[in-house]
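This is final14.txt (compact mmCIF, C-alpha atoms).
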# COMPACT_ATOMS: atom_id res chain seq x y z
CA MET A 30 11.59 -34.05 44.90
CA LYS A 31 9.53 -34.86 47.98
CA THR A 32 7.25 -37.89 48.15
CA ILE A 33 3.82 -37.51 49.76
CA ALA A 34 1.71 -40.43 50.99
CA VAL A 35 -2.01 -39.77 50.64
CA LEU A 36 -5.33 -41.56 50.23
CA PRO A 37 -6.34 -42.57 46.67
CA ALA A 38 -6.33 -40.25 43.67
CA GLY A 39 -9.55 -38.27 43.47
CA SER A 40 -10.19 -38.32 47.22
CA VAL A 41 -10.67 -35.07 49.15
CA SER A 42 -7.26 -35.72 50.73
CA ASP A 43 -5.69 -35.91 47.28
CA GLU A 44 -7.34 -32.66 46.16
CA ALA A 45 -6.43 -30.92 49.42
CA VAL A 46 -2.72 -31.72 49.46
CA LYS A 47 -2.30 -30.72 45.84
CA ARG A 48 -3.73 -27.33 46.80
CA LEU A 49 -1.22 -27.06 49.66
CA PHE A 50 1.70 -27.89 47.36
CA ALA A 51 0.39 -25.97 44.33
CA GLY A 52 3.24 -25.07 42.00
CA GLU A 53 5.63 -27.60 43.58
CA SER A 54 6.94 -30.74 41.86
CA MET A 55 6.00 -33.66 44.10
CA ASN A 56 5.85 -37.43 43.87
CA TRP A 57 2.46 -38.75 45.04
CA LYS A 58 2.06 -42.20 46.60
CA HIS A 59 -1.60 -43.13 46.87
CA HIS A 60 -2.78 -45.72 49.38
CA ARG A 61 -6.17 -47.31 49.98
CA LEU A 62 -6.00 -47.26 53.78
CA ILE A 63 -4.91 -44.54 56.21
CA ALA A 64 -2.72 -47.11 58.00
CA ASP A 65 -0.73 -47.54 54.78
CA VAL A 66 -0.45 -43.76 54.43
CA PHE A 67 1.09 -43.49 57.89
CA MET A 68 3.38 -46.49 57.50
CA SER A 69 4.70 -45.24 54.17
CA THR A 70 6.32 -42.32 56.01
CA VAL A 71 7.30 -44.39 59.05
CA ASN A 72 9.18 -46.79 56.75
CA GLY A 73 10.88 -43.99 54.81
CA VAL A 74 9.06 -44.63 51.53
CA SER A 75 7.57 -41.12 51.65
CA ASP A 76 8.66 -37.85 53.25
CA TYR A 77 5.20 -36.85 54.51
CA SER A 78 1.78 -38.33 55.18
CA VAL A 79 -1.51 -36.48 54.67
CA VAL A 80 -4.04 -37.05 57.47
CA PRO A 81 -7.66 -35.81 57.48
CA ILE A 82 -8.08 -35.15 61.19
CA GLU A 83 -11.30 -33.16 61.71
CA ASN A 84 -14.48 -32.25 59.87
CA THR A 85 -17.03 -29.47 60.34
CA ILE A 86 -19.94 -31.90 60.61
CA GLU A 87 -18.47 -35.03 62.19
CA GLY A 88 -15.74 -33.51 64.35
CA SER A 89 -12.51 -35.42 64.95
CA VAL A 90 -11.72 -38.51 62.86
CA ASN A 91 -11.00 -40.70 65.88
CA LEU A 92 -9.26 -43.51 63.98
CA HIS A 93 -6.76 -41.04 62.54
CA VAL A 94 -6.21 -39.32 65.90
CA ASP A 95 -5.51 -42.69 67.51
CA TRP A 96 -3.00 -43.59 64.80
CA LEU A 97 -1.22 -40.28 65.29
CA VAL A 98 -1.09 -40.78 69.06
CA HIS A 99 -0.72 -44.52 69.62
CA GLU A 100 0.76 -46.09 66.50
CA VAL A 101 3.37 -43.69 65.10
CA ASP A 102 5.73 -40.92 66.18
CA LEU A 103 5.49 -38.49 63.27
CA PRO A 104 5.62 -34.76 64.13
CA ILE A 105 2.93 -32.47 62.70
CA GLN A 106 4.56 -30.10 60.19
CA ALA A 107 1.55 -28.15 58.87
CA GLU A 108 -2.23 -27.95 58.99
CA TRP A 109 -4.70 -26.57 56.48
CA VAL A 110 -8.42 -26.69 55.71
CA TYR A 111 -10.14 -27.66 52.49
CA PRO A 112 -13.83 -27.84 51.55
CA SER A 113 -15.39 -31.31 51.48
CA ILE A 114 -17.82 -31.03 48.58
CA GLN A 115 -19.44 -34.41 48.06
CA ASN A 116 -21.44 -35.52 45.05
CA LEU A 117 -23.56 -38.51 44.10
CA ILE A 118 -21.66 -40.37 41.37
CA GLY A 119 -22.79 -43.17 39.10
CA ARG A 120 -23.99 -43.83 35.56
CA SER A 121 -26.69 -41.61 34.14
CA SER A 122 -27.89 -44.51 31.98
CA GLU A 123 -28.63 -46.59 35.09
CA ALA A 124 -30.58 -43.82 36.85
CA ALA A 125 -32.33 -42.18 33.94
CA GLY A 126 -35.79 -40.78 34.59
CA GLU A 127 -38.31 -39.02 32.42
CA GLY A 128 -37.18 -35.91 30.58
CA GLY A 129 -33.51 -36.47 31.33
CA THR A 130 -33.96 -36.32 35.10
CA VAL A 131 -32.32 -38.63 37.62
CA ASP A 132 -34.61 -41.29 39.06
CA PHE A 133 -33.15 -41.98 42.50
CA SER A 134 -35.45 -44.97 42.96
CA LYS A 135 -33.27 -46.87 40.47
CA ILE A 136 -30.20 -46.58 42.69
CA LYS A 137 -29.95 -49.72 44.83
CA LYS A 138 -26.74 -49.10 46.75
CA VAL A 139 -24.58 -46.12 47.78
CA ILE A 140 -20.91 -46.68 48.60
CA SER A 141 -18.48 -44.30 50.31
CA HIS A 142 -16.25 -43.60 53.29
CA PRO A 143 -18.17 -43.49 56.62
CA VAL A 144 -17.30 -39.82 57.19
CA ALA A 145 -18.59 -38.82 53.74
CA ILE A 146 -21.78 -40.81 54.33
CA ALA A 147 -22.30 -39.01 57.64
CA GLN A 148 -21.84 -35.66 55.86
CA CYS A 149 -24.72 -36.47 53.49
CA LEU A 150 -27.28 -38.12 55.78
CA GLN A 151 -30.10 -35.65 55.08
CA PHE A 152 -29.77 -36.20 51.33
CA LEU A 153 -29.64 -39.97 51.73
CA ARG A 154 -32.70 -40.01 53.99
CA SER A 155 -34.77 -37.78 51.74
CA GLU A 156 -33.74 -39.05 48.29
CA LEU A 157 -32.39 -42.57 48.82
CA PRO A 158 -34.05 -44.06 51.92
CA HIS A 159 -34.46 -47.38 50.08
CA ALA A 160 -30.80 -47.70 49.07
CA GLU A 161 -28.34 -49.99 50.83
CA ILE A 162 -25.40 -48.11 52.36
CA GLU A 163 -21.97 -49.69 52.08
CA THR A 164 -18.73 -48.30 53.47
CA ALA A 165 -15.36 -48.11 51.72
CA GLY A 166 -11.83 -47.17 52.75
CA SER A 167 -12.09 -43.81 50.99
CA THR A 168 -14.50 -41.87 48.79
CA SER A 169 -12.37 -42.58 45.73
CA GLU A 170 -12.41 -46.32 46.49
CA GLY A 171 -16.21 -46.18 46.55
CA VAL A 172 -16.23 -44.52 43.13
CA LYS A 173 -13.85 -47.16 41.79
CA ILE A 174 -16.12 -49.96 43.07
CA VAL A 175 -19.06 -48.41 41.21
CA LYS A 176 -16.96 -48.18 38.05
CA GLU A 177 -16.05 -51.88 38.28
CA ASN A 178 -19.68 -52.99 38.74
CA PRO A 179 -21.74 -51.65 35.82
CA GLY A 180 -25.40 -52.51 35.49
CA GLN A 181 -25.93 -52.93 39.25
CA GLY A 182 -27.63 -49.61 39.94
CA TRP A 183 -24.88 -48.61 42.33
CA ALA A 184 -23.72 -45.08 43.14
CA ALA A 185 -20.94 -43.53 45.22
CA ILE A 186 -20.39 -40.38 47.20
CA GLY A 187 -17.20 -38.61 46.18
CA THR A 188 -15.46 -35.76 44.42
CA MET A 189 -15.99 -34.52 40.89
CA THR A 190 -12.32 -35.34 40.27
CA ALA A 191 -12.97 -38.99 41.15
CA ALA A 192 -15.99 -39.06 38.82
CA GLY A 193 -13.89 -37.73 35.94
CA ASN A 194 -10.98 -40.08 36.66
CA ASN A 195 -13.31 -43.10 36.50
CA GLY A 196 -15.47 -42.03 33.55
CA LEU A 197 -18.63 -41.75 35.66
CA ASP A 198 -21.36 -39.12 35.86
CA VAL A 199 -22.27 -36.71 38.64
CA LEU A 200 -25.91 -37.59 39.34
CA SER A 201 -26.36 -34.90 41.99
CA GLN A 202 -23.88 -32.18 42.85
CA GLY A 203 -23.09 -30.79 46.31
CA ILE A 204 -25.13 -33.21 48.43
CA THR A 205 -23.50 -32.46 51.80
CA ASP A 206 -25.91 -31.43 54.53
CA HIS A 207 -24.15 -28.12 55.23
CA ASP A 208 -22.56 -25.61 52.86
CA ASN A 209 -19.69 -24.84 55.24
CA ASN A 210 -18.37 -28.40 55.27
CA PHE A 211 -14.59 -28.17 55.66
CA THR A 212 -12.00 -30.77 56.60
CA ARG A 213 -8.83 -30.00 58.53
CA PHE A 214 -5.75 -31.84 57.32
CA LEU A 215 -2.37 -32.49 58.92
CA LEU A 216 0.94 -32.97 57.16
CA VAL A 217 3.12 -35.27 59.28
CA GLY A 218 6.75 -36.26 58.82
CA SER A 219 10.25 -35.61 60.07
CA GLU A 220 11.15 -32.61 57.90
CA PRO A 221 9.82 -29.07 58.51
CA PHE A 222 7.34 -27.78 55.93
CA THR A 223 8.85 -24.87 53.96
CA ALA A 224 6.76 -24.66 50.77
CA ARG A 225 4.57 -21.87 52.21
CA GLN A 226 4.68 -19.36 55.04
CA SER A 227 1.87 -18.45 57.41
CA ALA A 228 1.63 -15.80 60.11
CA LYS A 229 -0.48 -18.17 62.22
CA GLN A 230 1.36 -20.86 64.17
CA LYS A 231 -0.10 -23.66 66.29
CA THR A 232 1.21 -26.25 68.70
CA SER A 233 -0.47 -29.59 69.44
CA ILE A 234 0.19 -31.48 72.67
CA LEU A 235 -1.01 -34.48 74.66
CA ILE A 236 -1.43 -34.21 78.40
CA THR A 237 -1.89 -37.23 80.63
CA LEU A 238 -2.93 -36.51 84.21
CA PRO A 239 -1.05 -38.29 87.04
CA GLU A 240 -4.34 -39.52 88.49
CA ASP A 241 -8.04 -38.73 88.39
CA TYR A 242 -8.66 -36.27 91.20
CA PRO A 243 -11.03 -33.30 91.61
CA GLY A 244 -9.74 -30.17 89.92
CA ALA A 245 -6.91 -31.86 87.99
CA LEU A 246 -8.02 -30.61 84.58
CA HIS A 247 -8.81 -27.19 86.05
CA GLN A 248 -5.21 -26.88 87.25
CA VAL A 249 -3.93 -27.74 83.78
CA LEU A 250 -6.17 -25.23 82.05
CA ALA A 251 -5.32 -22.55 84.60
CA ALA A 252 -1.68 -22.69 83.47
CA PHE A 253 -2.85 -21.50 80.05
CA ALA A 254 -5.63 -19.20 81.24
CA TRP A 255 -3.67 -16.80 83.45
CA ARG A 256 -1.08 -16.44 80.67
CA LYS A 257 -3.90 -15.67 78.22
CA ILE A 258 -2.86 -18.53 75.91
CA ASN A 259 -5.74 -19.48 73.64
CA LEU A 260 -6.64 -23.16 73.19
CA SER A 261 -8.45 -23.74 69.90
CA LYS A 262 -9.29 -27.35 70.72
CA ILE A 263 -9.33 -29.69 73.70
CA GLU A 264 -10.74 -33.20 73.74
CA SER A 265 -10.29 -36.35 75.77
CA ARG A 266 -9.43 -39.73 74.28
CA PRO A 267 -8.88 -43.07 76.03
CA THR A 268 -5.27 -44.01 76.76
CA LYS A 269 -6.16 -47.64 75.89
CA LYS A 270 -4.40 -48.72 79.10
CA LYS A 271 -7.24 -48.69 81.61
CA LEU A 272 -10.98 -48.14 81.45
CA GLY A 273 -11.77 -44.57 82.43
CA ASN A 274 -8.18 -43.42 81.88
CA TYR A 275 -7.89 -40.55 79.37
CA TYR A 276 -5.37 -38.19 77.85
CA PHE A 277 -6.20 -34.69 76.64
CA TYR A 278 -5.43 -33.63 73.06
CA ILE A 279 -4.95 -29.85 72.97
CA ASP A 280 -4.36 -27.44 70.08
CA ILE A 281 -2.74 -24.16 71.12
CA ASP A 282 -2.82 -20.98 69.01
CA MET A 283 0.83 -20.25 69.59
CA ALA A 284 4.25 -21.45 68.41
CA LEU A 285 6.24 -23.59 70.83
CA ASP A 286 9.11 -21.09 70.93
CA THR A 287 6.86 -18.21 72.03
CA VAL A 288 7.94 -16.87 75.44
CA LEU A 289 4.85 -17.87 77.45
CA LEU A 290 4.19 -21.40 76.20
CA PRO A 291 7.30 -23.25 77.50
CA SER A 292 6.71 -21.91 81.01
CA ALA A 293 3.06 -23.06 80.86
CA LEU A 294 4.16 -26.57 79.92
CA GLU A 295 6.77 -26.56 82.70
CA GLU A 296 4.05 -25.63 85.20
CA ILE A 297 1.85 -28.48 83.95
CA GLU A 298 4.71 -30.97 84.23
CA ALA A 299 5.36 -29.72 87.78
CA LEU A 300 1.83 -30.88 88.61
CA GLY A 301 2.93 -34.41 87.75
CA CYS A 302 1.37 -34.47 84.28
CA GLN A 303 3.01 -36.07 81.24
CA VAL A 304 3.30 -33.69 78.29
CA ARG A 305 4.01 -34.87 74.76
CA ILE A 306 4.59 -32.39 71.94
CA LEU A 307 2.93 -33.56 68.71
CA GLY A 308 4.21 -30.63 66.70
CA SER A 309 4.55 -26.87 66.33
CA TYR A 310 3.65 -25.81 62.82
CA PRO A 311 2.16 -23.24 60.41
CA SER A 312 -1.63 -23.16 60.04
CA PHE A 313 -3.27 -22.22 56.72
CA THR A 314 -6.82 -21.12 56.01
CA TYR A 315 -8.48 -22.16 52.77
CA GLU A 316 -8.30 -18.54 51.54
CA GLN A 317 -4.50 -18.58 51.91
CA LEU A 318 -4.32 -21.52 49.51
CA LEU A 319 -6.38 -19.99 46.71
Write-out of the structure in structure tokens:
Amino acid sequence: MKTIAVLPAGSVSDEAVKRLFAGESMNWKHHRLIADVFMSTVNGVSDYSVVPIENTIEGSVNLHVDWLVHEVDLPIQAEWVYPSIQNLIGRSSEAAGEGGTVDFSKIKKVISHPVAIAQCLQFLRSELPHAEIETAGSTSEGVKIVKENPGQGWAAIGTMTAAGNNGLDVLSQGITDHDNNFTRFLLVGSEPFTARQSAKQKTSILITLPEDYPGALHQVLAAFAWRKINLSKIESRPTKKKLGNYYFYIDIDMALDTVLLPSALEEIEALGCQVRILGSYPSFTYEQLL
């Protein structure tokens, strides 16, 4: 039985990975912080770590990208997407209005993960502009804090699963600013993922340029362009070695063993660039996991 390290029970990460491994017997190790999730697999306590890496609204989760790049050497074994449906969670008795409605003015503080807060800014500004906003390590941690502090008029942003697990009420359902709010997750670890098959394969790489000179990035991209290799994502992140020095994180819609990709990477290395393979792996849409 495989062991999976993931953020706390009831978090979107927890819901998402259980969808990926639906029907499989797994051992779940829940951690409060993403650093502990990563280190669980680094230290051999778990076989895989679950990493939320990108969101429809907020884009890349930079802290998690930096951990993947700078702190650990764990290959990506799969990616999948899962809807991030956030809800306002608390105690109905503490926010009761007339006629059984929710009186948002009685809520003094809202607690959640920074990414979840950012996903619900329009709701918070319109309904809870008076409330203090406090961050937590995960959405499920925020719900737990509310559970442990009754009578304070506190609420959390989180999943319906977390509300049920903690005996709290959903005060307002589906409060994210956009209906198409999805999060992309990575499964990282040493062993290939074999629980599901997908026709779509991706490869993620890091490219560090030899120096900053005019046309350097253009030369790199040209190696993919003339071979008609599609890049689904490219972004720059600081190398943390020198101000103004960046690497490029690139997702490629192709498996590493496809004929054209190795020659493209060889051409890029011939330019003097450093290329690091983060993983070549199956990619799953949400519909594939239903």
Neighbour residues at most 10 Å from (3.8, -47.7, 63.0) (all atoms listed in the file) as a ChimeraX atom specification: /A:64-65,67-72,96-97,99-103
Across A:Phe222, A:Gln151, A:His207, A:Pro37, the smallest distance to Ala191 (chain A), with all atoms listed in the file counted, is shown by A:Pro37
Between A:Ser309, A:Ser42, A:Asn116, A:Ser233, smallest distance to Val66 (chain A) by only C-alpha atoms belongs to A:Ser42
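The interatomic distance for the pair CA of Lys262 (chain A) and CA of Phe277 (chain A) works out to 9.9 Å.
CA of Ser141 (chain A) is positioned 23.6 Å from CA of Gly126 (chain A).
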Hey, can you check how far CA of Asp206 (chain A) sits from CA of Ile279 (chain A)?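 These atoms are spaced 28.0 Å apart.
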Taking 6 positions as the minimum chain separation for residues in the same chain, which residues sit within 9 Å of region 256-258 of chain A when counting all atoms listed in the file? Answer as a count of residues only. 6
Contacts of Asp43 (chain A) within 9 Å, all atoms listed in the file, excl. fewer than 6 positions in-chain, as JSON, numbers by chain: {"A": [35, 36, 37, 57, 59, 79]}
Please write the residues from the selection above to a file, keeping C-alpha atoms, as a compact mmCIF listing (two decimals), keeping the file's coordinate frame.
# COMPACT_ATOMS: atom_id res chain seq x y z
CA VAL A 35 -2.01 -39.77 50.64
CA LEU A 36 -5.33 -41.56 50.23
CA PRO A 37 -6.34 -42.57 46.67
CA TRP A 57 2.46 -38.75 45.04
CA HIS A 59 -1.60 -43.13 46.87
CA VAL A 79 -1.51 -36.48 54.67
For Leu294 (chain A), list every protein, DNA or RNA residue within 8 Å, evaluated using all atoms listed in the file, and leave out those in the same chain fewer than 3 positions away; present the list as number ranges by chain. A: 252, 290-291, 297-298, 304
Which of these residues is nearest to Gly301 (chain A), using all atoms listed in the file: A:Glu170, A:Glu240, A:Glu177, A:Asp286? A:Glu240
Edge lengths and centre, in Å to one decimal, as lines of an AutoDock Vina configuration file: that's what I need for the box along x, y and z that holds all listed atoms of region 166-180 of chain A plus 5 Å on each side.
center_x = -18.6
center_y = -47.4
center_z = 44.1
size_x = 23.6
size_y = 21.1
size_z = 27.3
Residue list as JSON, numbers by chain for point (-3.1, -24.1, 69.6), cut-off 12 Å, all atoms listed in the file: {"A": [108, 229, 230, 231, 232, 233, 234, 235, 253, 258, 259, 260, 261, 262, 263, 278, 279, 280, 281, 282, 283, 284, 285, 287, 290, 306, 307, 308, 309, 310, 311, 312]}
Min atom-atom distance to Gln106 (chain A) from the set A:Ser167, A:Thr188, A:Ser78, A:Asn91, counting all atoms listed in the file, belongs to A:Ser78
Taking only C-alpha atoms into account, which of A:Asn56, A:Ser169, A:Thr205, A:Asn274 comes nearest Ser75 (chain A)? A:Asn56
Close residues, Phe50 (chain A) itself excluded, 9 Å, all atoms listed in the file, min 5 positions apart in chain, as number ranges by chain: A: 45, 55, 224-225
Can you pull out the residues contacting region 193-197 of chain A? Cut-off 12 Å, using all atoms listed in the file, and skip same-chain residues under 6 positions away; I want them as a ChimeraX atom specification. /A:37-40,116-123,169-179,183-187
Keeping only C-alpha atoms, write the selected residues as a short mmCIF file (atom, residue, chain, number, x, y, z; two decimals), in the frame of the given file.
data_model
loop_
_atom_site.label_atom_id
_atom_site.label_comp_id
_atom_site.auth_asym_id
_atom_site.auth_seq_id
_atom_site.Cartn_x
_atom_site.Cartn_y
_atom_site.Cartn_z
CA PRO A 37 -6.34 -42.57 46.67
CA ALA A 38 -6.33 -40.25 43.67
CA GLY A 39 -9.55 -38.27 43.47
CA SER A 40 -10.19 -38.32 47.22
CA ASN A 116 -21.44 -35.52 45.05
CA LEU A 117 -23.56 -38.51 44.10
CA ILE A 118 -21.66 -40.37 41.37
CA GLY A 119 -22.79 -43.17 39.10
CA ARG A 120 -23.99 -43.83 35.56
CA SER A 121 -26.69 -41.61 34.14
CA SER A 122 -27.89 -44.51 31.98
CA GLU A 123 -28.63 -46.59 35.09
CA SER A 169 -12.37 -42.58 45.73
CA GLU A 170 -12.41 -46.32 46.49
CA GLY A 171 -16.21 -46.18 46.55
CA VAL A 172 -16.23 -44.52 43.13
CA LYS A 173 -13.85 -47.16 41.79
CA ILE A 174 -16.12 -49.96 43.07
CA VAL A 175 -19.06 -48.41 41.21
CA LYS A 176 -16.96 -48.18 38.05
CA GLU A 177 -16.05 -51.88 38.28
CA ASN A 178 -19.68 -52.99 38.74
CA PRO A 179 -21.74 -51.65 35.82
CA TRP A 183 -24.88 -48.61 42.33
CA ALA A 184 -23.72 -45.08 43.14
CA ALA A 185 -20.94 -43.53 45.22
CA ILE A 186 -20.39 -40.38 47.20
CA GLY A 187 -17.20 -38.61 46.18
#
With only C-alpha atoms as the atoms that count, which of A:Ile146, A:Val46, A:Val98, A:Ile63 lies nearest to Tyr315 (chain A)?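 Closest to Tyr315 (chain A), using only C-alpha atoms: A:Val46.
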